[in-house]
Amino acid sequence: MVENNNRRHRVVVALFLIAGTLLYTAFRDWAYDDPFITFRYADNLRSGLGFVYNPGERVLSTTTPLYALLLTGLSYVWSDLPRLSNLMSAISLAMGGAFLYLIGQQWREPLAGLVAAVLLPFFPLMVSTFGAETCFYVMLILGAFALYAGGRHRGAMALTALATLTRTDGVLVAAVLGVDFLVRHRQIPWQPLCLFAFLIAPWHLFSWIYFGSPFPVTLAAKQHQGQMAISQGFAPGLLRQLRIYAGQPLYWLHGALALLGVGYALCKARQWLPLLVWGIVYFASYTLLGVTRYHWYYAPMVPAFLILVGLGVAGVSRWLPQVLAQKHRSIALLIALLALLLWPQGRGLNYLYNHPDPRARIYREVGTWLAQSTPPEASVGTLEVGIIGYYAHRSMIGFAGLIQPEVGQQMSEEMTYQDTALWAVQRYRPDYLVLKPNGFPELMDSIVSELCASLQVFVDEGYPGELVVYECNWTR
């Protein structure tokens, strides 16, 4: 029996890896700006320039140190970091599905686990984070819950520590598992918690010495961004995401089953509550932090939602045999139900495939041009520094506060990115500017028109407007 189960598990894992391969084939060139900040840390570290974004500036601007280090190591095998990271995302998403399947086996709701496992790799919001650490982070968390469900508490806490090193909010998983263990066993899990502390301590010690703090400046920057009137907070942003999906009637089935799953979890499947509670704690924490809305912040909550969908299907399956006399009919109906759930997700993936971020290609063209046409010691100021900075290999000054923390400290409710751009340009005096001219009229009128000259104009199909590279002479 054990051998049969192990063989079945290996087959399931293989099938999920095949699904991951298909996803990578379709989305290997998927790109958006934020992950390229981490790519630059990995690239600079491999090049001997240190664990920094701008060489010589010890500022922690990546939120995912472990992922950056992993990319650094793997870059010796494959130096194309954007595609390497997309491959890691695809594999991680597939393995996350496999872990959900295993959790269902351990927590005696195999159908719920299977449904959630099948839906996860093909959920559009998850795929839209390809290239970032998000899928890898979610995989580690689901792996931790799978080990915890199987009674392997030290292994679960070890994966939780790796998740925390991937993103600091992974500590919430450690808290949820620790409290659940305390409630179930009436004792503190000292050994797993000590293992957790032992694994994360070296990074925190290093970051205090090297950066002066273990907390990335991007956290404070995005909190400051959340204060700006032009930004939207995390909780309202979630409602916006839900309205987008609710506006597509094919997703209503997901919502109905998830509501049914809430009742089923409370009445029949309480063993799933720790994972669901983690989703709630995650939402509450990000809301309290006051960060602005970014789509990848919502992706870690997707597994909890899909588990509720799976539990809703499990609840329906317990009712179906009483309605349908023949078991094979109920199975056929469940297969049809799963197909109906996958249909809108497939349409969503097709939309993503046909509508990549229009900024990615033009940003890459700008960065490549800067690398070829400007002095190596030049500094460049722009709003989004990820893709441009990665390909430019120049010292970057960001107007959103992600690289220089002083820029983020200027943000307030009354300010816009035009104000932060004006402040950053006056403060740091970059040699070159990359601007969308109609987006920064005050900067254009007060500084660019007097001190800078247009060097190159970039236009790309799908990108609204144009990007212009200006060379500035501050000695006038």
# chains A, B, ... in the order shown; residues from 1 in each chain; ligands from 1
$ closest_atom_pairs --of "stretch 200-274 of chain A" --to "stretch 332-343 of chain A" --cutoff "8 Å" --atoms "only C-alpha atoms" --output "JSON lines"
{"residue": "A:Leu250", "atom": "CA", "partner": "A:Trp343", "partner_atom": "CA", "distance": 7.9}
{"residue": "A:Tyr251", "atom": "CA", "partner": "A:Leu341", "partner_atom": "CA", "distance": 7.5}
{"residue": "A:Leu253", "atom": "CA", "partner": "A:Leu341", "partner_atom": "CA", "distance": 7.0}
{"residue": "A:His254", "atom": "CA", "partner": "A:Leu341", "partner_atom": "CA", "distance": 6.7}
$ write_last_selection --atoms "N, CA, C and O atoms" --output "CSV table (one decimal), in the first residue's frame"
chain,number,residue,atom,x,y,z
A,250,LEU,N,-17.9,34.0,-15.4
A,250,LEU,CA,-17.3,32.6,-15.3
A,250,LEU,C,-16.6,32.3,-14.0
A,250,LEU,O,-16.4,31.2,-13.6
A,251,TYR,N,-16.2,33.4,-13.3
A,251,TYR,CA,-15.5,33.3,-12.0
A,251,TYR,C,-16.5,33.2,-10.9
A,251,TYR,O,-16.1,33.0,-9.7
A,253,LEU,N,-18.5,30.9,-10.2
A,253,LEU,CA,-18.5,29.6,-9.7
A,253,LEU,C,-17.4,29.4,-8.6
A,253,LEU,O,-17.6,28.8,-7.6
A,254,HIS,N,-16.2,30.0,-8.9
A,254,HIS,CA,-15.2,30.0,-7.9
A,254,HIS,C,-15.7,30.6,-6.6
A,254,HIS,O,-15.5,30.1,-5.5
$ residues_around --residues "A:Ala421" --least-positions-apart "6" --cutoff "9 Å" --atoms "only C-alpha atoms" --output "list in words"
Gly381, Thr382, Leu383, Gly398, Phe399, Ala400, Val407, Phe440 and Leu443 of chain A
$ write_last_selection --atoms "C-alpha atoms" --output "PDB file, in the first residue's frame"
ATOM      1  CA  GLY A 381      17.555  59.227 -13.073  1.00  0.00           C
ATOM      2  CA  THR A 382      14.157  57.733 -13.913  1.00  0.00           C
ATOM      3  CA  LEU A 383      10.890  56.669 -12.308  1.00  0.00           C
ATOM      4  CA  GLY A 398      14.868  56.276  -8.728  1.00  0.00           C
ATOM      5  CA  PHE A 399      12.003  58.710  -8.329  1.00  0.00           C
ATOM      6  CA  ALA A 400       9.846  56.157  -6.439  1.00  0.00           C
ATOM      7  CA  VAL A 407      13.422  59.992  -1.891  1.00  0.00           C
ATOM      8  CA  PHE A 440       6.757  65.436 -15.712  1.00  0.00           C
ATOM      9  CA  LEU A 443      10.549  68.964 -14.174  1.00  0.00           C
TER      10      LEU A 443
END
$ closest_residue --among "A:Tyr428, A:Ala201, A:Gln232, A:Trp474" --to "A:Glu450" --atoms "only C-alpha atoms"
A:Trp474
$ closest_residue --among "A:Ala360, A:Leu239, A:Leu260, A:Ile230" --to "A:Thr292" --atoms "only C-alpha atoms"
A:Ile230
$ residues_around --residues "A:Leu219" --least-positions-apart "3" --cutoff "9 Å" --atoms "only C-alpha atoms" --output "NGL selection string"
:A and (61 or 63 or 215-216 or 222-224 or 289 or 291 or 402)
$ write_last_selection --atoms "N, CA and C atoms" --output "PDB file, in the first residue's frame"
ATOM      1  N   SER A  61      17.727  47.169  -1.219  1.00  0.00           N
ATOM      2  CA  SER A  61      16.528  47.518  -1.987  1.00  0.00           C
ATOM      3  C   SER A  61      15.770  46.297  -2.485  1.00  0.00           C
ATOM      4  N   THR A  63      13.638  42.938  -1.581  1.00  0.00           N
ATOM      5  CA  THR A  63      12.880  42.367  -0.460  1.00  0.00           C
ATOM      6  C   THR A  63      13.121  40.874  -0.324  1.00  0.00           C
ATOM      7  N   PHE A 215      16.018  45.303   7.300  1.00  0.00           N
ATOM      8  CA  PHE A 215      14.758  45.610   6.621  1.00  0.00           C
ATOM      9  C   PHE A 215      15.030  46.392   5.335  1.00  0.00           C
ATOM     10  N   PRO A 216      14.459  45.950   4.221  1.00  0.00           N
ATOM     11  CA  PRO A 216      14.704  46.632   2.943  1.00  0.00           C
ATOM     12  C   PRO A 216      14.095  48.020   2.919  1.00  0.00           C
ATOM     13  N   LYS A 222       7.348  51.820   0.011  1.00  0.00           N
ATOM     14  CA  LYS A 222       5.980  51.475  -0.396  1.00  0.00           C
ATOM     15  C   LYS A 222       4.963  51.879   0.669  1.00  0.00           C
ATOM     16  N   GLN A 223       5.424  51.997   1.922  1.00  0.00           N
ATOM     17  CA  GLN A 223       4.539  52.576   2.926  1.00  0.00           C
ATOM     18  C   GLN A 223       4.324  54.060   2.648  1.00  0.00           C
ATOM     19  N   HIS A 224       5.409  54.746   2.294  1.00  0.00           N
ATOM     20  CA  HIS A 224       5.285  56.168   1.948  1.00  0.00           C
ATOM     21  C   HIS A 224       4.432  56.334   0.690  1.00  0.00           C
ATOM     22  N   LEU A 289       0.369  47.444   7.658  1.00  0.00           N
ATOM     23  CA  LEU A 289       1.617  48.069   7.225  1.00  0.00           C
ATOM     24  C   LEU A 289       1.358  49.322   6.396  1.00  0.00           C
ATOM     25  N   VAL A 291       0.978  49.563   3.095  1.00  0.00           N
ATOM     26  CA  VAL A 291       1.682  49.615   1.816  1.00  0.00           C
ATOM     27  C   VAL A 291       0.697  49.894   0.688  1.00  0.00           C
ATOM     28  N   LEU A 402      12.773  53.571  -4.256  1.00  0.00           N
ATOM     29  CA  LEU A 402      13.160  52.181  -4.058  1.00  0.00           C
ATOM     30  C   LEU A 402      14.667  51.984  -3.963  1.00  0.00           C
TER      31      LEU A 402
END
$ residues_around --residues "stretch 73-78 of chain A" --least-positions-apart "6" --cutoff "9 Å" --atoms "only C-alpha atoms" --output "number ranges by chain"
A: 42-43, 46, 84
$ write_last_selection --atoms "N, CA and C atoms" --output "PDB file, in the first residue's frame"
ATOM      1  N   ALA A  42      21.721  40.224  -7.893  1.00  0.00           N
ATOM      2  CA  ALA A  42      22.362  38.951  -8.219  1.00  0.00           C
ATOM      3  C   ALA A  42      23.480  39.149  -9.231  1.00  0.00           C
ATOM      4  N   ASP A  43      23.255  39.982 -10.248  1.00  0.00           N
ATOM      5  CA  ASP A  43      24.251  40.232 -11.281  1.00  0.00           C
ATOM      6  C   ASP A  43      25.483  40.932 -10.705  1.00  0.00           C
ATOM      7  N   ARG A  46      27.503  38.445  -8.513  1.00  0.00           N
ATOM      8  CA  ARG A  46      28.275  37.520  -9.321  1.00  0.00           C
ATOM      9  C   ARG A  46      29.472  38.213  -9.980  1.00  0.00           C
ATOM     10  N   LEU A  84      15.834  32.656 -16.437  1.00  0.00           N
ATOM     11  CA  LEU A  84      16.097  31.724 -15.345  1.00  0.00           C
ATOM     12  C   LEU A  84      15.047  31.877 -14.253  1.00  0.00           C
TER      13      LEU A  84
END
$ atom_distance --atom1 "atom CA of A:Leu433" --atom2 "atom CA of A:Val380"
5.5 Å
$ select_by_dssp --residues "stretch 101-285 of chain A" --states "helix (DSSP H, G or I)" --output "PyMOL selection string"
chain A and resi 101-106+110-122+124-127+134-149+153-166+168-185+190-210+217-227+234-246+249-267+270-285
$ closest_residue --among "A:Leu242, A:Val277, A:Leu120, A:Val366" --to "A:Val138" --atoms "only C-alpha atoms"
A:Leu120
$ residues_around --residues "stretch 181-184 of chain A" --least-positions-apart "6" --cutoff "10 Å" --atoms "only C-alpha atoms" --output "PDB file with all heavy atoms, in the first residue's frame"
ATOM      1  N   TYR A 148       4.217  19.951   7.870  1.00  0.00           N
ATOM      2  CA  TYR A 148       3.520  20.081   9.149  1.00  0.00           C
ATOM      3  C   TYR A 148       2.327  19.139   9.211  1.00  0.00           C
ATOM      4  O   TYR A 148       2.083  18.494  10.243  1.00  0.00           O
ATOM      5  CB  TYR A 148       3.071  21.534   9.323  1.00  0.00           C
ATOM      6  CG  TYR A 148       2.387  21.806  10.648  1.00  0.00           C
ATOM      7  CD1 TYR A 148       3.137  21.967  11.811  1.00  0.00           C
ATOM      8  CD2 TYR A 148       1.000  21.918  10.730  1.00  0.00           C
ATOM      9  CE1 TYR A 148       2.518  22.231  13.028  1.00  0.00           C
ATOM     10  CE2 TYR A 148       0.373  22.181  11.936  1.00  0.00           C
ATOM     11  CZ  TYR A 148       1.138  22.332  13.083  1.00  0.00           C
ATOM     12  OH  TYR A 148       0.529  22.580  14.286  1.00  0.00           O
ATOM     13  N   HIS A 153       7.593  18.436  12.031  1.00  0.00           N
ATOM     14  CA  HIS A 153       7.547  19.816  12.476  1.00  0.00           C
ATOM     15  C   HIS A 153       8.864  20.543  12.282  1.00  0.00           C
ATOM     16  O   HIS A 153       8.875  21.739  11.945  1.00  0.00           O
ATOM     17  CB  HIS A 153       7.110  19.863  13.944  1.00  0.00           C
ATOM     18  CG  HIS A 153       5.771  19.231  14.171  1.00  0.00           C
ATOM     19  ND1 HIS A 153       5.579  18.186  15.061  1.00  0.00           N
ATOM     20  CD2 HIS A 153       4.554  19.463  13.610  1.00  0.00           C
ATOM     21  CE1 HIS A 153       4.302  17.823  15.051  1.00  0.00           C
ATOM     22  NE2 HIS A 153       3.668  18.577  14.180  1.00  0.00           N
ATOM     23  N   ALA A 175       4.611  31.903  12.931  1.00  0.00           N
ATOM     24  CA  ALA A 175       3.729  32.239  14.042  1.00  0.00           C
ATOM     25  C   ALA A 175       2.461  31.395  14.017  1.00  0.00           C
ATOM     26  O   ALA A 175       2.025  30.866  15.054  1.00  0.00           O
ATOM     27  CB  ALA A 175       3.378  33.727  13.982  1.00  0.00           C
ATOM     28  N   PRO A 274      -5.415  26.211   9.903  1.00  0.00           N
ATOM     29  CA  PRO A 274      -4.134  26.941   9.983  1.00  0.00           C
ATOM     30  C   PRO A 274      -3.730  27.592   8.672  1.00  0.00           C
ATOM     31  O   PRO A 274      -3.276  28.744   8.659  1.00  0.00           O
ATOM     32  CB  PRO A 274      -3.132  25.850  10.404  1.00  0.00           C
ATOM     33  CG  PRO A 274      -3.954  24.851  11.133  1.00  0.00           C
ATOM     34  CD  PRO A 274      -5.280  24.843  10.427  1.00  0.00           C
TER      35      PRO A 274
END
$ residues_around --residues "stretch 100-110 of chain A" --least-positions-apart "3" --cutoff "10 Å" --atoms "only C-alpha atoms" --output "NGL selection string"
:A and (9 or 12-13 or 95-97 or 113-118 or 120 or 139 or 142-151 or 268-272 or 303 or 306-307 or 310-311 or 314)
$ decode --residues "stretch 60-71 of chain A" --atoms "all heavy atoms" --output "PDB file, in the first residue's frame"
ATOM      1  N   LEU A  60      19.831  48.155   1.045  1.00  0.00           N
ATOM      2  CA  LEU A  60      19.069  46.935   0.780  1.00  0.00           C
ATOM      3  C   LEU A  60      17.754  47.302   0.097  1.00  0.00           C
ATOM      4  O   LEU A  60      16.790  47.698   0.746  1.00  0.00           O
ATOM      5  CB  LEU A  60      18.812  46.174   2.083  1.00  0.00           C
ATOM      6  CG  LEU A  60      18.079  44.829   1.953  1.00  0.00           C
ATOM      7  CD1 LEU A  60      18.833  43.872   1.044  1.00  0.00           C
ATOM      8  CD2 LEU A  60      17.841  44.203   3.324  1.00  0.00           C
ATOM      9  N   SER A  61      17.727  47.169  -1.219  1.00  0.00           N
ATOM     10  CA  SER A  61      16.528  47.518  -1.987  1.00  0.00           C
ATOM     11  C   SER A  61      15.770  46.297  -2.485  1.00  0.00           C
ATOM     12  O   SER A  61      14.704  46.456  -3.069  1.00  0.00           O
ATOM     13  CB  SER A  61      16.908  48.398  -3.184  1.00  0.00           C
ATOM     14  OG  SER A  61      17.428  49.628  -2.748  1.00  0.00           O
ATOM     15  N   THR A  62      16.312  45.112  -2.297  1.00  0.00           N
ATOM     16  CA  THR A  62      15.574  43.906  -2.658  1.00  0.00           C
ATOM     17  C   THR A  62      14.884  43.354  -1.419  1.00  0.00           C
ATOM     18  O   THR A  62      15.461  43.319  -0.330  1.00  0.00           O
ATOM     19  CB  THR A  62      16.488  42.836  -3.268  1.00  0.00           C
ATOM     20  OG1 THR A  62      15.717  41.636  -3.513  1.00  0.00           O
ATOM     21  CG2 THR A  62      17.651  42.481  -2.346  1.00  0.00           C
ATOM     22  N   THR A  63      13.638  42.938  -1.581  1.00  0.00           N
ATOM     23  CA  THR A  63      12.880  42.367  -0.460  1.00  0.00           C
ATOM     24  C   THR A  63      13.121  40.874  -0.324  1.00  0.00           C
ATOM     25  O   THR A  63      12.549  40.242   0.557  1.00  0.00           O
ATOM     26  CB  THR A  63      11.378  42.617  -0.649  1.00  0.00           C
ATOM     27  OG1 THR A  63      10.971  42.046  -1.902  1.00  0.00           O
ATOM     28  CG2 THR A  63      11.074  44.102  -0.657  1.00  0.00           C
ATOM     29  N   THR A  64      13.934  40.293  -1.189  1.00  0.00           N
ATOM     30  CA  THR A  64      14.056  38.834  -1.229  1.00  0.00           C
ATOM     31  C   THR A  64      15.517  38.404  -1.304  1.00  0.00           C
ATOM     32  O   THR A  64      15.995  37.967  -2.360  1.00  0.00           O
ATOM     33  CB  THR A  64      13.230  38.267  -2.397  1.00  0.00           C
ATOM     34  OG1 THR A  64      13.394  36.855  -2.441  1.00  0.00           O
ATOM     35  CG2 THR A  64      13.617  38.912  -3.729  1.00  0.00           C
ATOM     36  N   PRO A  65      16.265  38.525  -0.199  1.00  0.00           N
ATOM     37  CA  PRO A  65      17.696  38.212  -0.234  1.00  0.00           C
ATOM     38  C   PRO A  65      18.009  36.767  -0.609  1.00  0.00           C
ATOM     39  O   PRO A  65      18.947  36.520  -1.378  1.00  0.00           O
ATOM     40  CB  PRO A  65      18.163  38.538   1.188  1.00  0.00           C
ATOM     41  CG  PRO A  65      16.916  38.548   2.021  1.00  0.00           C
ATOM     42  CD  PRO A  65      15.831  39.008   1.123  1.00  0.00           C
ATOM     43  N   LEU A  66      17.253  35.808  -0.083  1.00  0.00           N
ATOM     44  CA  LEU A  66      17.538  34.406  -0.404  1.00  0.00           C
ATOM     45  C   LEU A  66      17.356  34.140  -1.893  1.00  0.00           C
ATOM     46  O   LEU A  66      18.162  33.443  -2.518  1.00  0.00           O
ATOM     47  CB  LEU A  66      16.635  33.474   0.411  1.00  0.00           C
ATOM     48  CG  LEU A  66      16.793  31.973   0.113  1.00  0.00           C
ATOM     49  CD1 LEU A  66      18.208  31.510   0.437  1.00  0.00           C
ATOM     50  CD2 LEU A  66      15.780  31.142   0.877  1.00  0.00           C
ATOM     51  N   TYR A  67      16.316  34.701  -2.475  1.00  0.00           N
ATOM     52  CA  TYR A  67      16.069  34.497  -3.899  1.00  0.00           C
ATOM     53  C   TYR A  67      17.187  35.121  -4.727  1.00  0.00           C
ATOM     54  O   TYR A  67      17.622  34.549  -5.730  1.00  0.00           O
ATOM     55  CB  TYR A  67      14.717  35.093  -4.278  1.00  0.00           C
ATOM     56  CG  TYR A  67      14.184  34.624  -5.613  1.00  0.00           C
ATOM     57  CD1 TYR A  67      13.723  33.320  -5.767  1.00  0.00           C
ATOM     58  CD2 TYR A  67      14.140  35.477  -6.710  1.00  0.00           C
ATOM     59  CE1 TYR A  67      13.224  32.885  -6.980  1.00  0.00           C
ATOM     60  CE2 TYR A  67      13.633  35.049  -7.931  1.00  0.00           C
ATOM     61  CZ  TYR A  67      13.184  33.744  -8.056  1.00  0.00           C
ATOM     62  OH  TYR A  67      12.700  33.312  -9.265  1.00  0.00           O
ATOM     63  N   ALA A  68      17.661  36.287  -4.306  1.00  0.00           N
ATOM     64  CA  ALA A  68      18.775  36.925  -5.005  1.00  0.00           C
ATOM     65  C   ALA A  68      20.026  36.055  -4.932  1.00  0.00           C
ATOM     66  O   ALA A  68      20.749  35.900  -5.928  1.00  0.00           O
ATOM     67  CB  ALA A  68      19.044  38.304  -4.416  1.00  0.00           C
ATOM     68  N   LEU A  69      20.302  35.489  -3.778  1.00  0.00           N
ATOM     69  CA  LEU A  69      21.466  34.623  -3.628  1.00  0.00           C
ATOM     70  C   LEU A  69      21.313  33.346  -4.454  1.00  0.00           C
ATOM     71  O   LEU A  69      22.282  32.863  -5.047  1.00  0.00           O
ATOM     72  CB  LEU A  69      21.675  34.275  -2.154  1.00  0.00           C
ATOM     73  CG  LEU A  69      22.071  35.443  -1.242  1.00  0.00           C
ATOM     74  CD1 LEU A  69      22.078  34.999   0.214  1.00  0.00           C
ATOM     75  CD2 LEU A  69      23.427  36.000  -1.644  1.00  0.00           C
ATOM     76  N   LEU A  70      20.107  32.806  -4.494  1.00  0.00           N
ATOM     77  CA  LEU A  70      19.863  31.611  -5.298  1.00  0.00           C
ATOM     78  C   LEU A  70      20.068  31.908  -6.785  1.00  0.00           C
ATOM     79  O   LEU A  70      20.676  31.105  -7.512  1.00  0.00           O
ATOM     80  CB  LEU A  70      18.444  31.110  -5.042  1.00  0.00           C
ATOM     81  CG  LEU A  70      18.035  29.789  -5.701  1.00  0.00           C
ATOM     82  CD1 LEU A  70      18.968  28.655  -5.288  1.00  0.00           C
ATOM     83  CD2 LEU A  70      16.595  29.435  -5.335  1.00  0.00           C
ATOM     84  N   LEU A  71      19.588  33.054  -7.240  1.00  0.00           N
ATOM     85  CA  LEU A  71      19.809  33.450  -8.631  1.00  0.00           C
ATOM     86  C   LEU A  71      21.292  33.618  -8.916  1.00  0.00           C
ATOM     87  O   LEU A  71      21.777  33.251 -10.001  1.00  0.00           O
ATOM     88  CB  LEU A  71      19.075  34.759  -8.927  1.00  0.00           C
ATOM     89  CG  LEU A  71      17.554  34.686  -9.097  1.00  0.00           C
ATOM     90  CD1 LEU A  71      16.977  36.097  -9.206  1.00  0.00           C
ATOM     91  CD2 LEU A  71      17.169  33.874 -10.327  1.00  0.00           C
TER      92      LEU A  71
END
